[in-house]
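Visitor: See final.cif below, with mmCIF, C-alpha atoms.
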```cif
data_run
#
loop_
_atom_site.label_atom_id
_atom_site.label_comp_id
_atom_site.auth_asym_id
_atom_site.auth_seq_id
_atom_site.Cartn_x
_atom_site.Cartn_y
_atom_site.Cartn_z
CA MET A 5 16.76 5.70 -16.76
CA GLN A 6 19.72 5.01 -14.50
CA LEU A 7 19.04 2.81 -11.49
CA GLN A 8 20.54 4.46 -8.44
CA SER A 9 18.65 2.70 -5.66
CA ALA A 10 17.51 -0.70 -4.54
CA TYR A 11 13.97 -0.81 -3.14
CA LEU A 12 12.50 -2.59 -0.15
CA LEU A 13 8.72 -2.83 0.25
CA VAL A 14 7.76 -2.99 3.93
CA SER A 15 4.34 -4.38 4.81
CA HIS A 16 2.74 -5.04 8.18
CA GLY A 17 2.94 -8.82 8.07
CA SER A 18 0.15 -11.33 8.58
CA ARG A 19 -0.46 -14.89 9.68
CA ASP A 20 -2.60 -15.21 6.55
CA PRO A 21 -0.30 -16.11 3.64
CA ARG A 22 -2.32 -14.27 1.01
CA PRO A 23 -1.07 -10.71 1.69
CA GLN A 24 2.57 -11.78 1.50
CA VAL A 25 1.95 -13.56 -1.80
CA GLU A 26 0.48 -10.32 -3.15
CA VAL A 27 3.38 -8.24 -1.83
CA GLU A 28 5.84 -10.56 -3.56
CA ARG A 29 3.85 -10.28 -6.77
CA LEU A 30 3.85 -6.50 -6.40
CA ALA A 31 7.64 -6.46 -5.94
CA GLU A 32 8.03 -8.53 -9.08
CA SER A 33 5.79 -6.16 -11.04
CA ILE A 34 7.77 -3.14 -9.83
CA SER A 35 11.03 -4.82 -10.84
CA GLU A 36 9.63 -5.55 -14.30
CA LYS A 37 8.44 -1.96 -14.69
CA LEU A 38 11.85 -0.62 -13.66
CA GLY A 39 13.47 -2.95 -16.18
CA CYS A 40 11.18 -1.68 -18.94
CA LEU A 41 11.87 1.96 -18.05
CA GLN A 42 15.58 1.27 -18.05
CA SER A 43 15.40 -0.49 -21.42
CA ASN A 44 13.31 2.29 -22.98
CA SER A 45 15.78 4.88 -21.74
CA LYS A 46 18.69 3.05 -23.34
CA THR A 47 16.78 2.73 -26.62
CA SER A 48 15.95 6.44 -26.62
CA LEU A 49 19.57 7.38 -26.04
CA ALA A 50 20.70 5.06 -28.81
CA GLN A 51 18.24 6.61 -31.25
CA THR A 52 19.53 10.11 -30.48
CA GLY A 53 23.11 8.98 -30.82
CA SER A 54 23.92 10.05 -27.28
CA ASP A 55 27.33 9.12 -25.89
CA GLN A 56 25.44 8.31 -22.69
CA MET A 57 23.78 5.35 -24.39
CA ARG A 58 25.32 2.92 -21.97
CA ASP A 59 23.75 3.02 -18.51
CA ARG A 60 26.60 4.20 -16.28
CA SER A 61 25.40 2.18 -13.34
CA GLY A 62 25.01 -1.12 -15.19
CA LEU A 63 22.71 -2.17 -12.36
CA GLN A 64 19.70 -4.42 -12.69
CA PRO A 65 16.47 -3.64 -10.77
CA LEU A 66 16.55 -4.91 -7.20
CA VAL A 67 13.25 -4.95 -5.31
CA GLY A 68 12.74 -6.86 -2.07
CA THR A 69 10.10 -7.28 0.62
CA ALA A 70 10.11 -7.21 4.41
CA CYS A 71 7.55 -7.34 7.22
CA LEU A 72 7.33 -5.16 10.30
CA GLU A 73 5.64 -7.85 12.37
CA LEU A 74 5.17 -11.64 12.36
CA ALA A 75 8.47 -12.26 10.55
CA HIS A 76 11.29 -14.59 11.59
CA LEU A 77 13.61 -11.61 12.06
CA PRO A 78 13.01 -8.06 13.34
CA LEU A 79 12.67 -5.51 10.59
CA HIS A 80 16.13 -3.98 11.06
CA LYS A 81 17.69 -7.41 10.55
CA GLN A 82 15.65 -7.92 7.39
CA ILE A 83 16.84 -4.53 6.16
CA GLU A 84 20.43 -5.46 6.98
CA GLN A 85 20.21 -8.73 5.06
CA PHE A 86 18.69 -7.08 1.99
CA GLY A 87 21.08 -4.16 2.29
CA GLU A 88 24.11 -6.44 2.24
CA TYR A 89 22.80 -8.01 -0.94
CA ALA A 90 22.20 -4.54 -2.40
CA ILE A 91 25.78 -3.52 -1.60
CA ALA A 92 27.12 -6.71 -3.18
CA SER A 93 25.03 -5.90 -6.27
CA GLY A 94 26.64 -2.48 -6.57
CA PHE A 95 24.04 -0.21 -4.98
CA LYS A 96 24.92 2.68 -2.70
CA ASN A 97 21.33 3.66 -1.87
CA LEU A 98 18.33 1.78 -0.50
CA GLN A 99 14.80 3.19 -0.48
CA VAL A 100 12.41 1.73 2.08
CA ILE A 101 8.78 2.05 0.96
CA PRO A 102 6.14 1.56 3.69
CA LEU A 103 3.10 -0.19 2.20
CA PHE A 104 0.86 1.36 4.83
CA LEU A 105 -2.29 3.35 4.19
CA LEU A 106 -2.41 5.37 7.44
CA PRO A 107 0.23 7.50 9.20
CA GLY A 108 -0.12 5.53 12.43
CA VAL A 109 2.49 4.45 14.97
CA HIS A 110 4.01 1.90 12.59
CA VAL A 111 4.74 4.55 9.96
CA MET A 112 5.65 7.42 12.25
CA VAL A 113 7.61 5.59 14.97
CA ASP A 114 8.30 1.89 14.44
CA ILE A 115 9.66 1.84 10.90
CA PRO A 116 11.92 4.91 11.36
CA ALA A 117 13.39 3.32 14.49
CA GLU A 118 14.11 0.05 12.68
CA VAL A 119 15.65 1.86 9.71
CA ALA A 120 17.87 3.94 12.02
CA THR A 121 19.16 0.76 13.65
CA ALA A 122 19.91 -0.80 10.27
CA GLN A 123 21.66 2.35 9.05
CA GLN A 124 24.11 2.11 11.94
CA ALA A 125 25.14 -1.34 10.73
CA PHE A 126 25.83 -0.07 7.18
CA GLY A 127 27.76 3.05 8.09
CA SER A 128 28.73 4.84 4.89
CA ASP A 129 28.46 1.72 2.72
CA LEU A 130 24.75 2.16 2.10
CA ALA A 131 22.41 5.13 2.55
CA VAL A 132 18.94 4.03 3.66
CA GLU A 133 16.04 6.40 3.08
CA ILE A 134 12.39 6.03 4.02
CA ARG A 135 9.97 7.15 1.32
CA PRO A 136 6.47 8.52 2.04
CA HIS A 137 3.98 5.80 3.01
CA LEU A 138 1.66 4.56 0.29
CA GLY A 139 -1.50 6.15 1.70
CA SER A 140 0.05 9.61 1.41
CA HIS A 141 -0.05 9.55 -2.39
CA SER A 142 -2.63 11.89 -3.90
CA GLY A 143 -3.50 9.25 -6.48
CA MET A 144 -5.12 6.97 -3.90
CA ALA A 145 -8.52 8.58 -4.50
CA ARG A 146 -8.34 7.74 -8.20
CA LEU A 147 -7.22 4.20 -7.42
CA LEU A 148 -10.16 3.70 -5.07
CA ALA A 149 -12.60 5.25 -7.53
CA ASN A 150 -11.61 2.55 -10.00
CA GLN A 151 -12.93 -0.03 -7.52
CA MET A 152 -16.33 1.67 -7.43
CA ILE A 153 -17.21 1.73 -11.11
CA TYR A 154 -18.33 -1.90 -11.15
CA PHE A 155 -21.21 -1.35 -8.71
CA ASP A 156 -24.42 0.63 -8.87
CA ALA A 157 -24.48 2.16 -5.38
CA ASP A 158 -26.23 5.33 -4.22
CA ILE A 159 -23.65 6.01 -1.50
CA TRP A 160 -20.35 4.51 -0.45
CA ILE A 161 -18.72 3.77 2.89
CA LEU A 162 -14.92 3.77 2.88
CA LEU A 163 -13.91 1.20 5.49
CA SER A 164 -10.41 1.48 6.92
CA HIS A 165 -8.68 -0.42 9.70
CA GLY A 166 -8.33 2.84 11.61
CA SER A 167 -5.70 4.08 14.02
CA ARG A 168 -5.83 5.29 17.61
CA ARG A 169 -3.02 7.76 16.94
CA GLN A 170 -4.35 11.30 17.00
CA GLY A 171 -4.88 12.66 13.50
CA ALA A 172 -3.94 9.41 11.76
CA ASN A 173 -7.48 8.82 10.45
CA GLN A 174 -7.81 12.25 8.84
CA PRO A 175 -6.59 10.96 5.44
CA VAL A 176 -9.46 8.46 5.45
CA GLU A 177 -11.94 11.24 6.17
CA THR A 178 -10.47 13.26 3.31
CA LEU A 179 -10.60 10.32 0.89
CA ALA A 180 -14.19 9.52 1.84
CA THR A 181 -15.17 13.12 1.13
CA GLN A 182 -13.37 13.09 -2.22
CA LEU A 183 -15.25 9.92 -3.14
CA GLY A 184 -18.57 11.40 -2.08
CA GLY A 185 -19.07 8.92 0.76
CA LEU A 186 -18.65 8.31 4.46
CA SER A 187 -15.84 6.76 6.46
CA ALA A 188 -16.01 3.83 8.87
CA TYR A 189 -13.38 1.85 10.75
CA TRP A 190 -12.70 -1.72 11.75
CA SER A 191 -10.91 -0.99 15.02
CA VAL A 192 -12.22 2.42 16.12
CA SER A 193 -15.45 4.41 15.85
CA PRO A 194 -17.50 5.03 13.84
CA LYS A 195 -17.92 1.35 13.01
CA LEU A 196 -19.45 0.02 9.81
CA GLU A 197 -22.71 -1.01 11.49
CA PHE A 198 -23.24 2.52 12.82
CA GLN A 199 -22.79 4.13 9.41
CA VAL A 200 -24.96 1.56 7.66
CA LYS A 201 -27.79 2.15 10.12
CA ALA A 202 -27.56 5.91 9.63
CA LEU A 203 -27.68 5.57 5.84
CA ALA A 204 -30.52 3.06 5.92
CA MET A 205 -32.57 5.36 8.16
CA ALA A 206 -31.84 8.19 5.72
CA GLY A 207 -33.48 6.13 2.98
CA TYR A 208 -30.54 4.83 0.97
CA GLN A 209 -31.37 1.56 -0.79
CA GLN A 210 -28.04 0.80 -2.54
CA ILE A 211 -25.05 1.04 -0.22
CA GLY A 212 -21.51 0.32 -1.40
CA ILE A 213 -18.75 -0.71 0.98
CA LEU A 214 -15.21 0.01 -0.17
CA PRO A 215 -12.46 -1.74 1.84
CA TYR A 216 -9.45 0.51 2.32
CA PHE A 217 -7.07 -2.44 2.54
CA LEU A 218 -4.28 -3.30 0.15
CA PHE A 219 -4.88 -7.02 -0.10
CA ALA A 220 -7.40 -9.69 0.86
CA GLY A 221 -6.73 -11.34 4.20
CA GLY A 222 -8.24 -12.14 7.54
CA ILE A 223 -9.89 -8.75 8.03
CA THR A 224 -11.48 -8.69 4.58
CA ASP A 225 -12.83 -12.20 5.25
CA ALA A 226 -14.29 -11.00 8.54
CA LEU A 227 -15.68 -7.94 6.76
CA ALA A 228 -17.52 -10.15 4.25
CA GLN A 229 -19.06 -12.09 7.13
CA SER A 230 -20.05 -8.87 8.84
CA VAL A 231 -21.75 -7.61 5.67
CA GLU A 232 -23.75 -10.84 5.46
CA GLN A 233 -25.00 -10.24 9.00
CA ILE A 234 -25.85 -6.64 8.18
CA LYS A 235 -27.90 -7.82 5.20
CA GLN A 236 -30.08 -9.81 7.56
CA GLU A 237 -30.70 -6.73 9.67
CA PHE A 238 -31.54 -4.53 6.69
CA PRO A 239 -33.27 -6.85 4.17
CA LYS A 240 -34.66 -3.96 2.10
CA VAL A 241 -31.22 -2.51 1.43
CA SER A 242 -28.86 -3.84 -1.24
CA PHE A 243 -25.20 -3.92 -0.24
CA HIS A 244 -22.27 -3.96 -2.64
CA LEU A 245 -18.93 -5.05 -1.21
CA ALA A 246 -15.92 -4.14 -3.37
CA ASP A 247 -12.59 -5.96 -3.31
CA ALA A 248 -9.46 -4.81 -1.55
CA ILE A 249 -7.21 -2.58 -3.66
CA GLY A 250 -5.04 -5.43 -4.92
CA SER A 251 -1.90 -5.42 -7.04
CA SER A 252 -2.33 -3.56 -10.32
CA ALA A 253 -0.38 -1.53 -12.85
CA GLU A 254 -1.87 1.62 -11.31
CA LEU A 255 -0.58 0.64 -7.86
CA VAL A 256 2.87 -0.02 -9.29
CA ASP A 257 2.89 3.48 -10.80
CA LEU A 258 1.90 5.06 -7.49
CA ILE A 259 4.67 3.26 -5.63
CA LEU A 260 7.30 4.21 -8.20
CA ASP A 261 6.11 7.80 -8.02
CA LEU A 262 6.72 7.76 -4.26
CA THR A 263 10.37 6.94 -4.91
CA LYS A 264 10.73 10.27 -6.72
CA LYS A 265 9.25 12.50 -4.00
#
```
Can the structure in the file be given as structure tokens, please?
Guide:
Amino acid sequence: MQLQSAYLLVSHGSRDPRPQVEVERLAESISEKLGCLQSNSKTSLAQTGSDQMRDRSGLQPLVGTACLELAHLPLHKQIEQFGEYAIASGFKNLQVIPLFLLPGVHVMVDIPAEVATAQQAFGSDLAVEIRPHLGSHSGMARLLANQMIYFDADIWILLSHGSRRQGANQPVETLATQLGGLSAYWSVSPKLEFQVKALAMAGYQQIGILPYFLFAGGITDALAQSVEQIKQEFPKVSFHLADAIGSSAELVDLILDLTKK
């Protein structure tokens, strides 16, 4: 495997330090996986006696992180800083990977605008390309299903932050259907409480709640508190709250697959 691009993971940003710690861990895992793929490729070429045994690029994996909001610098400045380091390291291409689950305004408008501004600063020295956002990967349903196997629930509610942008929540509806459950949203309707009430009235006794969030943070904390309040309202119903998606080998594979699309 020849490394042709540096990679920059772009997250939303949070005042809670936990998501950024997880993003950094994810970047490290991706870098390690790229290094392993590169090493395996060299070994395979050596075993076949190929004259291409030596990686022409000679580049080591370069994976960085940046935040759209709540950072010390605007995103285009973060891209410029990382891009200059990528150029100095020998890269001619930079792939920006939005770690966003919904195609909302951030993905469709804000990030492209910031990338376009950064590209102007690089000129022809570095080509910056935005990859599809994480939530667009078809493997998300499988990744979420892995979160569900640890609980004995009769029905699941997939809880997303939600977007006010028209059509942006359709992927959540599709995922919920694939998982055999319902959708609910933190910021828009239908809210979790509404869906829980409907399911309880329909006679469900074991309700699972699956957070459609990458990492634990302020919202998942608030969600846990909300579920405790809901339990008081529906004492005859058992609720099972799964964890956020979290960093995993499966998530690393999905992200690397996005770089090939």
Visitor: I'd like to see the residues matched by the PyMOL selection byres ((chain A and resi 133) around 10) on this file, and ideally I'd get them as a ChimeraX atom specification.
Guide: /A:9,11,97-101,116,119-120,123,130-132,134-136,263
Visitor: Looking at A:Ile249, A:Gly185, A:Ala92, A:Gln236, which one is nearest to Leu105 of chain A, with distances taken over only C-alpha atoms?
Guide: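 Among the listed residues, the smallest separation from Leu105 of chain A belongs to A:Ile249.
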Visitor: Suppose you want the space between atom CA of Cys71 of chain A and atom CA of Gly250 of chain A; what is it in Å?
Guide: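 Straight-line distance from atom CA of Cys71 of chain A to atom CA of Gly250 of chain A works out to 17.6 Å.
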Visitor: Expand the PyMOL selection byres ((chain A and resi 188-193) around 9) into the individual residues it matches in the shown file, reporting them as a list in words.
Guide: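 Evaluating the PyMOL selection byres ((chain A and resi 188-193) around 9) on this file yields Ile161, Leu162, Leu163, Ser164, His165, Gly166, Ser167, Arg168, Val176, Glu177, Leu186, Ser187, Pro194, Lys195, Leu196, Glu197, Phe198, Gln199, Ile223 and Leu227 of chain A.
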Visitor: For atom CA of Ser93 of chain A and atom CA of Arg22 of chain A, determine how far apart the two atoms are, in Å to one decimal place.
Guide: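 The value is 29.5 Å.
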Visitor: Just give me the gap between atom CA of Leu66 of chain A and atom CA of Ala10 of chain A in Å, one decimal is fine.
Guide: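 Between atom CA of Leu66 of chain A and atom CA of Ala10 of chain A the gap works out to 5.1 Å.
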Visitor: Find, counting all atoms listed in the file, the residue in A:Val109, A:Ala228, A:Leu79, A:Leu63 that gets nearest to Arg169 of chain A.
Guide: A:Val109
Visitor: Determine the nearest neighbour of Pro65 of chain A from the options A:Gly87, A:Gly139, A:Gly39, A:Pro215, counting only C-alpha atoms.
Guide: A:Gly39
Visitor: May I have the protein, DNA and RNA residues with any atom at most 6 Å from the point (17.8, -1.7, 11.9), counting all atoms listed in the file, written as an MDAnalysis selection string?
Guide: chainID A and resid 80:81 118:122
Visitor: Quick check on the file I pasted: which residues fall under the PyMOL selection byres ((chain A and resi 74) around 7)? Write them as a list in words.
Guide: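 Answer for the PyMOL selection byres ((chain A and resi 74) around 7): Gly17, Ser18, Glu73, Ala75 and His76 of chain A.
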Visitor: How about saving the chosen residues, C-alpha atoms kept, as a PDB file, keeping the file's coordinate frame?
Guide:
```
ATOM      1  CA  GLY A  17       2.940  -8.820   8.070  1.00  0.00           C
ATOM      2  CA  SER A  18       0.150 -11.330   8.580  1.00  0.00           C
ATOM      3  CA  GLU A  73       5.640  -7.850  12.370  1.00  0.00           C
ATOM      4  CA  ALA A  75       8.470 -12.260  10.550  1.00  0.00           C
ATOM      5  CA  HIS A  76      11.290 -14.590  11.590  1.00  0.00           C
TER       6      HIS A  76
END
```
Visitor: Rank A:Ile259, A:Leu7, A:Ala248, A:Leu183 by their smallest atom-to-atom distance to Gly94 of chain A, using only C-alpha atoms, and report the top residue only.
Guide: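 Among the listed residues, A:Leu7 lies closest to Gly94 of chain A.
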Visitor: With only C-alpha atoms as the atoms that count, which of A:Lys37, A:His141, A:Lys235, A:His16 lies nearest to Ile211 of chain A?
Guide: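 Of the candidates, the smallest distance to Ile211 of chain A is held by A:Lys235.
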Visitor: Out of A:Leu203, A:Glu237, A:Asp20, A:Asp257, which residue has the shortest atom-to-atom distance to Glu36 of chain A when counting only C-alpha atoms?
Guide: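 When distances to Glu36 of chain A are compared using only C-alpha atoms, the smallest one comes from A:Asp257.
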Visitor: What's around Asp158 of chain A at 8 Å? Count all atoms listed in the file, leave out sequence neighbours fewer than 2 positions away in its own chain, and write the answer as a compact mmCIF listing (two decimals) with C-alpha atoms, keeping the file's coordinate frame.
Guide:
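This is the output file around.txt:
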```
# COMPACT_ATOMS: atom_id res chain seq x y z
CA ASP A 156 -24.42 0.63 -8.87
CA TRP A 160 -20.35 4.51 -0.45
CA TYR A 208 -30.54 4.83 0.97
CA GLN A 209 -31.37 1.56 -0.79
CA GLN A 210 -28.04 0.80 -2.54
CA ILE A 211 -25.05 1.04 -0.22
CA GLY A 212 -21.51 0.32 -1.40
```
